[in-house]
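One structure below.
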Amino acid sequence: MNTPFSPVTAAQRPDFAAIANWIKPESKILDLGCADGALLKFLQQERGIFGYGVEIDDNNVLSCLKNGINVIQSDLESGLSGFVDDSFDYVILSQTLQAMKHTERIIGEMLRVGREGIVSFPNFGYWKNRLQVIQGHMPVSESLPYHWYDTPNIHLCTLGDFEDLCRQCDAKILERHVMKKDRLISFLPNLMGKLAFYRFERNKRTA
Amino acid sequence: MQDSNSVGIVTPQYVHIDKPLELKSGSTLSSYNLVYETYGKLNAERSNALLVCHALSGNHHVAGIYADKPKSTGWWDNMVGPGKPIDTNKFFVIGVNNLGGCHGSTGPASIDARTGHHYGANFPLVTVEDWVETQAQLADHLGIEQFAAIVGGSLGGMQALQWTLDYPNRLRHAIIIAAAAKLTAQNIAFNDVARQAILTDQDFYGGDYYAYNTVPRRGLRLARMLGHITYLSDHSMATKFGRDLRDGKFSFGYDVEFEIESYLRYQGDKFTDLFDANSYLLMTKALDYFDPAHAYNGDLTAAFKTAQANFLVLSFTTDWRFSPERSRDIVKALLNNNINVSYAEITSAHGHDSFLMNDAYYHQLTQAYMNNIEV
């Protein structure tokens with residue numbers, strides 16, 4: 001009756017592996033919009049982390065329970081009031097940012113609750129996306145599989161856009177990875193990269 | 001009445017506990033009886049025991065039916081049974097009537113052996129902590145060192161919570177449903193109106209109505225009617241009864257006219273035949289007193305410092321008597337202590353009573369969690 005998912009491998013989910021590379025072993029993690037808990041499970045296996053997922057969708061919450069992942073059913077749009085300041089080593093927002101209404105607020109909340117934040121999102125500046133726009137259409141691709149009228153992605157951005165937001169939110173970017181499939185992209189990342197990863201922390205102001 | 005997944009015919013069992021019980025109030029009970037039922041089999045390792053704690057008007061008869069009473073289905077039969085969310089093929093499930101109750105465990109309506117009379121007003125007030133202590137005595141009696149899980153809704157959830165504080169090593173999982181770490185002023189207020197209804201009934205006789213061969217029927221009935229209103233949601237009452245009239249028209253009098261009146265009066269009347277007024281008073285007091293954070297200056301996080309169990313906390317969106325907010329207080333305290341916890345807020349129209357209902361998502365969540373408990 002209970003069908004737990006089979007553990008994912010780094011080869012199957014290079015995006016998970018990219019995040020895992022940044023995570024210190026045995027850290028405490030909060031995964032926002034954790035879906036069925038696969039990333040947390042992966043990080044448990046690879047890094048021995050302890051953590052919780054936050055998820056709004058009933059089916060995903062149920063999947064997390066089936067998968068033995070700690071999950072808190074809650075709406076990210078209303079913030080992280082259930083979590084105290086500085087209570088996690090990392091707060092992760094994996095491919096969820098673009099679907100959020102209150103983008104600035106969630107970045108602020110990540111900086112409040114976590115010592116570091118990790119965000120990944122599909123790069124709207126990827127050349128194929130740009131090409132489709134030039135050809136007169138909103139992009140539809142593997143990483144953006146929806147049509148303009150049914151997409152949950154309401155806040156798409158490019159690498160440059162996100163970096164501007166970080167400045168505005170007083171977030172200091174510590175590291176950036178840009179990927180295309182399972183490859184890291186370093187040449188013209190805003191044009192060549194499909195998926196962007198950022199690790200950031202609160203800007204430490206000198207008093 | 002019996003479905004194929006029922007635990008079938010069940011028989012209550014009794015245990016007499018001779019070890020004096022020092023109550024939180026300062027009183028002592030030199031001995032007492034507990035009535036309980038069990039379903040499923042205790043495994044050889046004694047690692048699959050699961051305790052179900054009951055709420056205000058519940059009892060030890062959690063599941064199954066009595067041989068001589070075809071309509072006696074247990075109060076949580078939709079949850080407990082073979083193949084059900086709390087699967088009796090896996091767990092050895094125990095239901096126990098709380099001390100002070102009126103279904104077989106020693107309570108105000110029992111005969112005090114020292115006097116030969118009903119305890120009545122002499123029965124001491126008991127608390128959630130006291131119940132946990134008696135349940136631990138029952139566990140000792142059954143040879144259960146550690147429960148796989150302790151499960152409870154409402155006041156039952158409070159007992160499961162208290163277990164994790166008093167005996168952190170004696171349970172591995174706590175399932176806390178539609179509960180709270182303390183009652184709000186509004187909630188205590190409802191309880192007090194219910195108590196006043198009983199206490200001011202002229203048949204109450206200061207709690208010694210047994211000697212007068214009567215019961216404070218009107219008071220208990222009112223208390224139950226009030227309680228019932230608070231267990232339902234505005235929406236569920238509107239859907240179920242609306243403004244429907246029993247005879248289709250006003251009769252311009254005070255007899256039953258609206259269907260909701262008929263329903264509440266029926267529920268109130270039925271309850272007076274099944275429940276003892278003193279037990280009702282005592283149970284509502286136990287609810288009011290419960291506040292594990294009190295000893296920590298109101299800091300619930302500090303109260304949970306010693307807890308070790310893994311938690312599943314569930315609440316229902318339309319429950320205004322034990323609102324999701326109260327469950328989130330519990331979750332927050334657990335998160336602050338790095339305790340394994342999952343929390344789900346179940347969309348349900350049925351108010352506080354949702355925890356007794358057969359809701360697909362609710363049951364799937366419980367089943368999923370239970371399936372992952374190692375025994």
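Identifiers in the structure tokens: chain A, B, ... in order shown; residue index from 1 per chain; ligand index from 1 in order shown.
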
### Task
Considering only C-alpha atoms, extract the chain A residues located within 12 Å of chain B and return them as a ChimeraX atom specification.
/A:1-4,27-30,37,50-75,80-88,113

Write out the residues from the selection above, keeping C-alpha atoms, as a PDB file, in the first residue's frame.
```pdb
ATOM      1  CA  MET A   1       0.000   0.000   0.000  1.00  0.00           C
ATOM      2  CA  ASN A   2       2.768   2.354   0.955  1.00  0.00           C
ATOM      3  CA  THR A   3       5.125   2.944  -1.951  1.00  0.00           C
ATOM      4  CA  PRO A   4       8.125   4.960  -0.854  1.00  0.00           C
ATOM      5  CA  SER A  27      23.767  20.459   8.967  1.00  0.00           C
ATOM      6  CA  LYS A  28      20.227  21.478   9.747  1.00  0.00           C
ATOM      7  CA  ILE A  29      18.138  22.234   6.673  1.00  0.00           C
ATOM      8  CA  LEU A  30      14.804  23.817   5.881  1.00  0.00           C
ATOM      9  CA  GLY A  37      10.732  15.347   0.052  1.00  0.00           C
ATOM     10  CA  PHE A  50      18.610  16.805   9.693  1.00  0.00           C
ATOM     11  CA  GLY A  51      15.743  18.850   8.411  1.00  0.00           C
ATOM     12  CA  TYR A  52      12.201  19.722   7.645  1.00  0.00           C
ATOM     13  CA  GLY A  53      10.303  20.473   4.481  1.00  0.00           C
ATOM     14  CA  VAL A  54       7.596  23.062   4.112  1.00  0.00           C
ATOM     15  CA  GLU A  55       4.836  22.263   1.657  1.00  0.00           C
ATOM     16  CA  ILE A  56       1.314  23.515   0.994  1.00  0.00           C
ATOM     17  CA  ASP A  57      -0.030  20.825  -1.329  1.00  0.00           C
ATOM     18  CA  ASP A  58      -1.951  17.953   0.303  1.00  0.00           C
ATOM     19  CA  ASN A  59      -0.619  15.283  -2.050  1.00  0.00           C
ATOM     20  CA  ASN A  60       2.967  16.395  -1.524  1.00  0.00           C
ATOM     21  CA  VAL A  61       2.537  16.431   2.255  1.00  0.00           C
ATOM     22  CA  LEU A  62       1.185  12.910   2.053  1.00  0.00           C
ATOM     23  CA  SER A  63       4.131  11.836  -0.133  1.00  0.00           C
ATOM     24  CA  CYS A  64       6.554  13.285   2.419  1.00  0.00           C
ATOM     25  CA  LEU A  65       4.938  11.223   5.171  1.00  0.00           C
ATOM     26  CA  LYS A  66       5.131   8.131   2.986  1.00  0.00           C
ATOM     27  CA  ASN A  67       8.788   8.886   2.397  1.00  0.00           C
ATOM     28  CA  GLY A  68       9.465   9.405   6.078  1.00  0.00           C
ATOM     29  CA  ILE A  69      10.408  13.066   5.641  1.00  0.00           C
ATOM     30  CA  ASN A  70       9.548  15.694   8.272  1.00  0.00           C
ATOM     31  CA  VAL A  71       7.110  18.068   6.631  1.00  0.00           C
ATOM     32  CA  ILE A  72       5.238  21.107   7.881  1.00  0.00           C
ATOM     33  CA  GLN A  73       2.098  21.964   5.924  1.00  0.00           C
ATOM     34  CA  SER A  74       2.145  25.695   5.566  1.00  0.00           C
ATOM     35  CA  ASP A  75       1.808  28.455   2.995  1.00  0.00           C
ATOM     36  CA  LEU A  80       7.986  31.557   8.004  1.00  0.00           C
ATOM     37  CA  SER A  81       6.494  32.776  11.275  1.00  0.00           C
ATOM     38  CA  GLY A  82       6.674  29.240  12.730  1.00  0.00           C
ATOM     39  CA  PHE A  83      10.465  29.328  12.555  1.00  0.00           C
ATOM     40  CA  VAL A  84      12.722  31.376  14.797  1.00  0.00           C
ATOM     41  CA  ASP A  85      15.698  33.496  13.693  1.00  0.00           C
ATOM     42  CA  ASP A  86      18.944  31.745  12.820  1.00  0.00           C
ATOM     43  CA  SER A  87      17.524  28.289  13.497  1.00  0.00           C
ATOM     44  CA  PHE A  88      18.817  26.558  10.340  1.00  0.00           C
ATOM     45  CA  VAL A 113      15.682  31.902   9.600  1.00  0.00           C
TER      46      VAL A 113
END
```

Give me the stretch 22-60 of chain A side of the contact with stretch 93-100 of chain A, cut-off 9 Å, one line per residue showing its nearest atom pair and distance in Å at one decimal, counting only C-alpha atoms, sorted by chain and residue number, as CSV.
```
residue,atom,partner,partner_atom,distance
A:Leu30,CA,A:Leu93,CA,8.7
A:Asp31,CA,A:Leu93,CA,6.2
A:Leu32,CA,A:Leu93,CA,5.1
A:Gly33,CA,A:Thr96,CA,6.4
A:Cys34,CA,A:Ser94,CA,7.8
A:Leu39,CA,A:Ser94,CA,8.8
```

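Comparing the minimum interatomic distances between A:Ala17 and each of A:Met179, A:Met192, A:Ala35, A:Ile154, counting only C-alpha atoms, we find that A:Met179 sits nearest.
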
### Task
Mind listing the strand (DSSP E or B) residues of chain A, per DSSP on the backbone, as number ranges by chain?
A: 28-32, 50-55, 71-73, 88-94, 114-123, 157, 171-180, 183-184, 195-202

#### Entry: Between atom CA of B:Met283 and atom CA of B:Val151, distance in Å (one decimal)
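The value is 18.2 Å.
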
### Task
Choose the residue, out of B:Tyr231, B:Tyr66, B:Phe147, B:Tyr32, that has the smallest atom-to-atom separation from B:Phe123; count only C-alpha atoms.
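Looking only at the distances to B:Phe123, the closest residue turns out to be B:Tyr32.
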
### Task
Just the helix (DSSP H, G or I) stuff from chain A, please, per backbone DSSP, written as JSON, numbers by chain.
{"A": [14, 15, 16, 17, 18, 19, 20, 21, 22, 38, 39, 40, 41, 42, 43, 44, 45, 46, 47, 58, 59, 60, 61, 62, 63, 64, 65, 66, 76, 77, 78, 97, 98, 99, 103, 104, 105, 106, 107, 108, 109, 110, 111, 112, 113, 127, 128, 129, 130, 131, 132, 133, 134, 159, 160, 161, 162, 163, 164, 165, 166, 167, 168, 189, 190, 191, 192]}

### Residue neighbourhood stretch 9-25 of chain B, 10 Å, only C-alpha atoms, exclusion window fewer than 5 positions, as number ranges by chain
B: 2, 30-39, 60-70, 72-74, 95-96, 104-106, 124-131, 133-134, 137-138, 141-142

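Coordinates place atom CA of B:Arg243 at a distance of 12.4 Å from atom CA of B:Tyr263.
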
For stretch 115-124 of chain A, find every residue with an atom within 8 Å (counting only C-alpha atoms), except residues of its own chain fewer than 3 positions away, and show them as a CSV table (one decimal) with all heavy atoms, in the first residue's frame.
```csv
chain,number,residue,atom,x,y,z
A,19,ILE,N,23.3,21.2,-5.2
A,19,ILE,CA,23.0,21.8,-3.9
A,19,ILE,C,23.8,21.0,-2.8
A,19,ILE,O,24.3,21.6,-1.9
A,19,ILE,CB,21.4,21.7,-3.7
A,19,ILE,CG1,20.7,22.7,-4.6
A,19,ILE,CG2,21.1,22.0,-2.2
A,19,ILE,CD1,19.2,22.6,-4.6
A,86,ASP,N,17.7,32.5,12.8
A,86,ASP,CA,18.9,31.7,12.8
A,86,ASP,C,18.8,30.3,13.3
A,86,ASP,O,19.7,29.8,13.9
A,86,ASP,CB,19.9,32.4,13.8
A,86,ASP,CG,20.7,33.5,13.1
A,86,ASP,OD1,21.1,33.3,11.9
A,86,ASP,OD2,20.9,34.6,13.7
A,87,SER,N,17.7,29.6,13.0
A,87,SER,CA,17.5,28.3,13.5
A,87,SER,C,18.0,27.2,12.5
A,87,SER,O,17.9,26.0,12.9
A,87,SER,CB,16.1,28.1,13.9
A,87,SER,OG,15.2,28.4,12.9
A,88,PHE,N,18.4,27.6,11.3
A,88,PHE,CA,18.8,26.6,10.3
A,88,PHE,C,20.2,27.0,9.8
A,88,PHE,O,20.5,28.1,9.6
A,88,PHE,CB,17.8,26.4,9.2
A,88,PHE,CG,16.5,25.7,9.6
A,88,PHE,CD1,15.5,26.5,10.2
A,88,PHE,CD2,16.4,24.3,9.6
A,88,PHE,CE1,14.3,25.8,10.6
A,88,PHE,CE2,15.3,23.7,10.0
A,88,PHE,CZ,14.2,24.4,10.5
A,89,ASP,N,21.0,25.9,9.4
A,89,ASP,CA,22.2,26.2,8.7
A,89,ASP,C,22.0,26.7,7.3
A,89,ASP,O,22.6,27.6,6.8
A,89,ASP,CB,23.1,24.9,8.7
A,89,ASP,CG,23.5,24.5,10.1
A,89,ASP,OD1,23.9,25.4,10.9
A,89,ASP,OD2,23.3,23.3,10.4
A,90,TYR,N,21.0,26.0,6.6
A,90,TYR,CA,20.7,26.4,5.3
A,90,TYR,C,19.2,26.4,5.1
A,90,TYR,O,18.5,25.4,5.6
A,90,TYR,CB,21.2,25.4,4.2
A,90,TYR,CG,22.7,25.2,4.3
A,90,TYR,CD1,23.3,24.2,5.1
A,90,TYR,CD2,23.6,26.0,3.6
A,90,TYR,CE1,24.6,23.9,5.2
A,90,TYR,CE2,25.0,25.8,3.7
A,90,TYR,CZ,25.5,24.8,4.5
A,90,TYR,OH,26.8,24.6,4.5
A,91,VAL,N,18.7,27.4,4.4
A,91,VAL,CA,17.3,27.4,4.0
A,91,VAL,C,17.3,27.3,2.5
A,91,VAL,O,17.9,28.1,1.8
A,91,VAL,CB,16.5,28.6,4.5
A,91,VAL,CG1,15.0,28.5,4.0
A,91,VAL,CG2,16.5,28.7,6.0
A,92,ILE,N,16.6,26.3,1.9
A,92,ILE,CA,16.7,26.0,0.5
A,92,ILE,C,15.4,26.3,-0.2
A,92,ILE,O,14.3,26.0,0.4
A,92,ILE,CB,17.1,24.5,0.2
A,92,ILE,CG1,18.4,24.2,0.9
A,92,ILE,CG2,17.1,24.2,-1.3
A,92,ILE,CD1,18.7,22.7,0.8
A,93,LEU,N,15.4,27.0,-1.3
A,93,LEU,CA,14.3,27.3,-2.1
A,93,LEU,C,14.6,26.8,-3.5
A,93,LEU,O,15.2,27.4,-4.3
A,93,LEU,CB,13.9,28.8,-2.1
A,93,LEU,CG,12.6,29.2,-2.7
A,93,LEU,CD1,11.4,28.7,-2.0
A,93,LEU,CD2,12.6,30.7,-2.8
A,94,SER,N,14.2,25.5,-3.8
A,94,SER,CA,14.7,24.8,-5.0
A,94,SER,C,13.6,24.9,-6.0
A,94,SER,O,12.5,24.3,-5.9
A,94,SER,CB,15.0,23.4,-4.6
A,94,SER,OG,15.1,22.6,-5.8
A,95,GLN,N,13.8,25.7,-7.1
A,95,GLN,CA,12.9,25.8,-8.2
A,95,GLN,C,11.5,26.1,-7.8
A,95,GLN,O,10.5,25.6,-8.4
A,95,GLN,CB,13.0,24.5,-9.1
A,95,GLN,CG,14.4,24.3,-9.6
A,95,GLN,CD,14.5,23.3,-10.7
A,95,GLN,OE1,13.7,23.3,-11.6
A,95,GLN,NE2,15.4,22.3,-10.6
A,96,THR,N,11.4,27.0,-6.8
A,96,THR,CA,10.1,27.4,-6.3
A,96,THR,C,9.9,29.0,-6.4
A,96,THR,O,8.8,29.5,-6.6
A,96,THR,CB,9.9,27.0,-4.9
A,96,THR,OG1,10.1,25.6,-4.8
A,96,THR,CG2,8.6,27.3,-4.3
A,97,LEU,N,11.1,29.7,-6.4
A,97,LEU,CA,11.1,31.1,-6.4
A,97,LEU,C,10.2,31.7,-7.5
A,97,LEU,O,9.4,32.6,-7.2
A,97,LEU,CB,12.5,31.6,-6.5
A,97,LEU,CG,12.7,33.1,-6.5
A,97,LEU,CD1,12.7,33.7,-5.1
A,97,LEU,CD2,14.0,33.5,-7.2
A,98,GLN,N,10.3,31.1,-8.7
A,98,GLN,CA,9.6,31.7,-9.8
A,98,GLN,C,8.1,31.6,-9.7
A,98,GLN,O,7.4,32.2,-10.4
A,98,GLN,CB,10.2,31.1,-11.1
A,98,GLN,CG,9.7,29.7,-11.4
A,98,GLN,CD,10.5,28.6,-10.7
A,98,GLN,OE1,11.4,28.9,-9.9
A,98,GLN,NE2,10.1,27.3,-10.9
A,110,MET,N,14.2,33.8,4.4
A,110,MET,CA,15.3,32.9,4.3
A,110,MET,C,16.5,33.4,5.1
A,110,MET,O,17.2,32.7,5.8
A,110,MET,CB,15.6,32.6,2.9
A,110,MET,CG,14.6,31.8,2.1
A,110,MET,SD,14.9,31.6,0.4
A,110,MET,CE,16.3,30.4,0.4
A,111,LEU,N,16.7,34.7,4.9
A,111,LEU,CA,17.9,35.3,5.5
A,111,LEU,C,17.7,35.4,7.1
A,111,LEU,O,18.7,35.4,7.8
A,111,LEU,CB,18.1,36.7,5.0
A,111,LEU,CG,18.6,36.8,3.5
A,111,LEU,CD1,18.5,38.2,3.0
A,111,LEU,CD2,20.1,36.3,3.4
A,112,ARG,N,16.5,35.5,7.5
A,112,ARG,CA,16.2,35.6,8.9
A,112,ARG,C,16.3,34.3,9.6
A,112,ARG,O,17.0,34.1,10.6
A,112,ARG,CB,14.7,36.1,9.1
A,112,ARG,CG,14.3,36.2,10.6
A,112,ARG,CD,12.9,36.7,10.7
A,112,ARG,NE,11.9,35.7,10.3
A,112,ARG,CZ,11.5,34.6,11.0
A,112,ARG,NH1,12.0,34.4,12.1
A,112,ARG,NH2,10.6,33.8,10.5
A,129,ASN,N,15.3,30.5,-24.6
A,129,ASN,CA,14.2,31.3,-24.2
A,129,ASN,C,14.1,32.6,-24.9
A,129,ASN,O,13.1,33.0,-25.4
A,129,ASN,CB,14.2,31.5,-22.6
A,129,ASN,CG,14.1,30.3,-21.8
A,129,ASN,OD1,13.6,29.3,-22.3
A,129,ASN,ND2,14.6,30.3,-20.6
A,130,ARG,N,15.3,33.2,-25.0
A,130,ARG,CA,15.4,34.5,-25.7
A,130,ARG,C,14.9,34.4,-27.1
A,130,ARG,O,14.2,35.2,-27.6
A,130,ARG,CB,16.8,35.1,-25.6
A,130,ARG,CG,17.3,35.3,-24.2
A,130,ARG,CD,18.6,36.1,-24.3
A,130,ARG,NE,19.3,36.0,-23.0
A,130,ARG,CZ,20.2,36.9,-22.6
A,130,ARG,NH1,20.6,37.9,-23.4
A,130,ARG,NH2,20.8,36.8,-21.4
A,143,SER,N,12.8,23.0,-19.0
A,143,SER,CA,12.8,23.6,-17.7
A,143,SER,C,11.6,24.6,-17.4
A,143,SER,O,11.3,25.0,-16.3
A,143,SER,CB,14.1,24.3,-17.4
A,143,SER,OG,14.3,25.3,-18.4
A,144,LEU,N,11.0,25.0,-18.5
A,144,LEU,CA,9.8,25.9,-18.4
A,144,LEU,C,8.6,25.2,-19.2
A,144,LEU,O,8.3,25.7,-20.3
A,144,LEU,CB,10.0,27.3,-18.9
A,144,LEU,CG,11.1,28.1,-18.2
A,144,LEU,CD1,11.4,29.4,-19.0
A,144,LEU,CD2,10.6,28.5,-16.8
A,156,LEU,N,9.4,35.0,-13.3
A,156,LEU,CA,10.6,34.5,-14.0
A,156,LEU,C,11.6,35.6,-14.0
A,156,LEU,O,11.3,36.7,-14.1
A,156,LEU,CB,10.2,34.0,-15.4
A,156,LEU,CG,9.4,32.7,-15.4
A,156,LEU,CD1,8.7,32.6,-16.7
A,156,LEU,CD2,10.2,31.5,-15.1
A,157,CYS,N,12.9,35.1,-13.9
A,157,CYS,CA,14.0,36.1,-13.9
A,157,CYS,C,15.2,35.6,-14.6
A,157,CYS,O,15.3,34.4,-14.8
A,157,CYS,CB,14.3,36.6,-12.5
A,157,CYS,SG,15.0,35.4,-11.4
A,158,THR,N,16.1,36.5,-14.8
A,158,THR,CA,17.4,36.1,-15.4
A,158,THR,C,18.5,36.1,-14.2
A,158,THR,O,18.1,36.6,-13.1
A,158,THR,CB,17.9,37.0,-16.5
A,158,THR,OG1,18.2,38.3,-15.9
A,158,THR,CG2,16.9,37.2,-17.6
A,159,LEU,N,19.7,35.7,-14.5
A,159,LEU,CA,20.7,35.7,-13.5
A,159,LEU,C,20.9,37.2,-13.0
A,159,LEU,O,21.0,37.4,-11.8
A,159,LEU,CB,22.0,35.2,-14.0
A,159,LEU,CG,22.3,33.7,-13.9
A,159,LEU,CD1,21.3,32.9,-14.6
A,159,LEU,CD2,23.7,33.4,-14.4
A,190,ASN,N,24.6,33.7,-18.3
A,190,ASN,CA,23.3,34.3,-18.4
A,190,ASN,C,22.6,33.9,-19.7
A,190,ASN,O,21.4,34.0,-19.9
A,190,ASN,CB,23.3,35.8,-18.1
A,190,ASN,CG,21.9,36.3,-17.7
A,190,ASN,OD1,21.0,35.5,-17.3
A,190,ASN,ND2,21.7,37.6,-17.9
A,193,GLY,N,23.2,29.3,-19.6
A,193,GLY,CA,22.8,28.4,-18.5
A,193,GLY,C,21.3,28.3,-18.4
A,193,GLY,O,20.5,29.2,-18.7
A,194,LYS,N,20.9,27.1,-18.1
A,194,LYS,CA,19.4,26.8,-18.0
A,194,LYS,C,18.9,26.9,-16.6
A,194,LYS,O,17.8,27.4,-16.3
A,194,LYS,CB,19.1,25.4,-18.5
A,194,LYS,CG,18.9,25.3,-20.0
A,194,LYS,CD,18.7,23.8,-20.4
A,194,LYS,CE,17.2,23.5,-20.7
A,194,LYS,NZ,17.1,22.2,-21.3
A,195,LEU,N,19.8,26.5,-15.7
A,195,LEU,CA,19.4,26.5,-14.3
A,195,LEU,C,20.4,27.2,-13.4
A,195,LEU,O,21.6,27.0,-13.6
A,195,LEU,CB,19.3,25.0,-13.8
A,195,LEU,CG,18.3,24.6,-12.7
A,195,LEU,CD1,16.9,25.2,-12.9
A,195,LEU,CD2,18.3,23.1,-12.5
A,196,ALA,N,19.9,28.1,-12.6
A,196,ALA,CA,20.9,28.9,-11.8
A,196,ALA,C,20.7,28.5,-10.3
A,196,ALA,O,19.6,28.2,-9.8
A,196,ALA,CB,20.6,30.4,-11.9
A,197,PHE,N,21.9,28.5,-9.6
A,197,PHE,CA,21.9,28.2,-8.2
A,197,PHE,C,22.7,29.3,-7.5
A,197,PHE,O,23.8,29.7,-7.9
A,197,PHE,CB,22.7,26.9,-7.9
A,197,PHE,CG,22.1,25.7,-8.5
A,197,PHE,CD1,22.3,25.4,-9.9
A,197,PHE,CD2,21.3,24.8,-7.8
A,197,PHE,CE1,21.7,24.3,-10.5
A,197,PHE,CE2,20.7,23.7,-8.4
A,197,PHE,CZ,20.9,23.4,-9.7
A,198,TYR,N,22.2,29.8,-6.4
A,198,TYR,CA,22.9,30.8,-5.6
A,198,TYR,C,22.9,30.4,-4.2
A,198,TYR,O,22.0,29.9,-3.6
A,198,TYR,CB,22.1,32.2,-5.7
A,198,TYR,CG,22.3,32.8,-7.0
A,198,TYR,CD1,21.5,32.6,-8.1
A,198,TYR,CD2,23.4,33.8,-7.2
A,198,TYR,CE1,21.7,33.2,-9.3
A,198,TYR,CE2,23.6,34.4,-8.4
A,198,TYR,CZ,22.7,34.1,-9.5
A,198,TYR,OH,22.9,34.8,-10.7
A,199,ARG,N,24.1,30.7,-3.6
A,199,ARG,CA,24.2,30.5,-2.1
A,199,ARG,C,24.5,31.9,-1.6
A,199,ARG,O,25.4,32.6,-2.1
A,199,ARG,CB,25.3,29.5,-1.8
A,199,ARG,CG,25.5,29.2,-0.3
A,199,ARG,CD,26.4,27.9,-0.2
A,199,ARG,NE,27.8,28.2,-0.5
A,199,ARG,CZ,28.7,28.7,0.3
A,199,ARG,NH1,28.4,29.0,1.5
A,199,ARG,NH2,29.9,28.9,-0.1
A,200,PHE,N,23.7,32.3,-0.6
A,200,PHE,CA,23.9,33.7,-0.1
A,200,PHE,C,23.7,33.8,1.4
A,200,PHE,O,23.2,32.8,2.1
A,200,PHE,CB,22.9,34.6,-0.8
A,200,PHE,CG,21.5,34.2,-0.7
A,200,PHE,CD1,20.7,34.5,0.3
A,200,PHE,CD2,20.9,33.4,-1.8
A,200,PHE,CE1,19.4,34.1,0.4
A,200,PHE,CE2,19.6,33.0,-1.7
A,200,PHE,CZ,18.8,33.4,-0.6
A,201,GLU,N,24.1,34.9,2.0
A,201,GLU,CA,23.9,35.1,3.4
A,201,GLU,C,23.5,36.6,3.6
A,201,GLU,O,23.6,37.4,2.7
A,201,GLU,CB,25.2,34.8,4.2
A,201,GLU,CG,26.4,35.7,3.9
A,201,GLU,CD,27.6,35.4,4.7
A,201,GLU,OE1,27.7,34.4,5.4
A,201,GLU,OE2,28.5,36.2,4.6
A,202,ARG,N,23.2,36.9,4.9
A,202,ARG,CA,22.9,38.3,5.2
A,202,ARG,C,24.1,39.1,5.1
A,202,ARG,O,25.2,38.7,5.5
A,202,ARG,CB,22.4,38.3,6.7
A,202,ARG,CG,21.1,38.9,6.9
A,202,ARG,CD,20.6,38.4,8.3
A,202,ARG,NE,20.8,37.0,8.5
A,202,ARG,CZ,20.8,36.4,9.6
A,202,ARG,NH1,20.7,37.0,10.7
A,202,ARG,NH2,20.9,35.0,9.7
```

### Query
Of the candidates B:Gln135, B:Ser233, B:Asn59, B:Asn278, which one gets nearest to B:Tyr209 if we count only C-alpha atoms?
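Result for the nearest residue to B:Tyr209: B:Asn278.
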
### Message
Give me the residues near A:Met138 as a list in words, where near means some atom within 12 Å (using only C-alpha atoms) and where sequence neighbours in that chain fewer than 4 positions away do not count.
### Response
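Here the answer would be Phe124, Lys128, Asn129, Arg130, Leu131, Gln132, Val133, Ile134, Leu144, Pro145, Tyr146, His147, Trp148, Tyr149, Asp150, Thr151, Asn153 and Leu156 of chain A.
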
Emit the selected residues as a short mmCIF file (atom, residue, chain, number, x, y, z; two decimals), in the first residue's frame, including N, CA and C atoms.
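Output contents, as saved in out-v1.cif:
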```
data_model
loop_
_atom_site.label_atom_id
_atom_site.label_comp_id
_atom_site.auth_asym_id
_atom_site.auth_seq_id
_atom_site.Cartn_x
_atom_site.Cartn_y
_atom_site.Cartn_z
N PHE A 124 15.66 32.60 -17.12
CA PHE A 124 14.86 33.08 -18.24
C PHE A 124 15.74 33.66 -19.34
N LYS A 128 17.81 29.92 -25.59
CA LYS A 128 16.64 29.34 -26.27
C LYS A 128 15.35 30.06 -25.86
N ASN A 129 15.32 30.49 -24.60
CA ASN A 129 14.17 31.28 -24.15
C ASN A 129 14.11 32.61 -24.90
N ARG A 130 15.30 33.23 -24.97
CA ARG A 130 15.37 34.52 -25.66
C ARG A 130 14.93 34.38 -27.11
N LEU A 131 15.37 33.28 -27.72
CA LEU A 131 15.06 33.05 -29.14
C LEU A 131 13.55 32.94 -29.35
N GLN A 132 12.90 32.21 -28.43
CA GLN A 132 11.44 32.05 -28.57
C GLN A 132 10.73 33.39 -28.41
N VAL A 133 11.25 34.24 -27.50
CA VAL A 133 10.63 35.56 -27.33
C VAL A 133 10.82 36.40 -28.58
N ILE A 134 12.04 36.34 -29.15
CA ILE A 134 12.31 37.10 -30.39
C ILE A 134 11.39 36.63 -31.51
N LEU A 144 10.95 25.01 -18.50
CA LEU A 144 9.75 25.86 -18.39
C LEU A 144 8.64 25.20 -19.20
N PRO A 145 8.10 24.12 -18.69
CA PRO A 145 7.23 23.28 -19.53
C PRO A 145 5.80 23.80 -19.72
N TYR A 146 5.48 24.98 -19.18
CA TYR A 146 4.08 25.43 -19.24
C TYR A 146 3.85 26.45 -20.34
N HIS A 147 2.59 26.62 -20.71
CA HIS A 147 2.20 27.71 -21.60
C HIS A 147 1.98 28.96 -20.78
N TRP A 148 2.01 30.11 -21.43
CA TRP A 148 1.86 31.38 -20.70
C TRP A 148 0.57 31.44 -19.90
N TYR A 149 -0.47 30.72 -20.39
CA TYR A 149 -1.79 30.85 -19.74
C TYR A 149 -1.99 29.85 -18.59
N ASP A 150 -1.16 28.83 -18.51
CA ASP A 150 -1.37 27.86 -17.43
C ASP A 150 -0.14 27.71 -16.52
N THR A 151 0.79 28.63 -16.67
CA THR A 151 2.03 28.47 -15.91
C THR A 151 1.87 28.93 -14.46
N ASN A 153 4.50 29.73 -12.99
CA ASN A 153 5.70 30.58 -12.87
C ASN A 153 5.36 32.03 -13.18
N LEU A 156 9.37 34.97 -13.33
CA LEU A 156 10.58 34.46 -13.98
C LEU A 156 11.63 35.56 -14.02
#
```
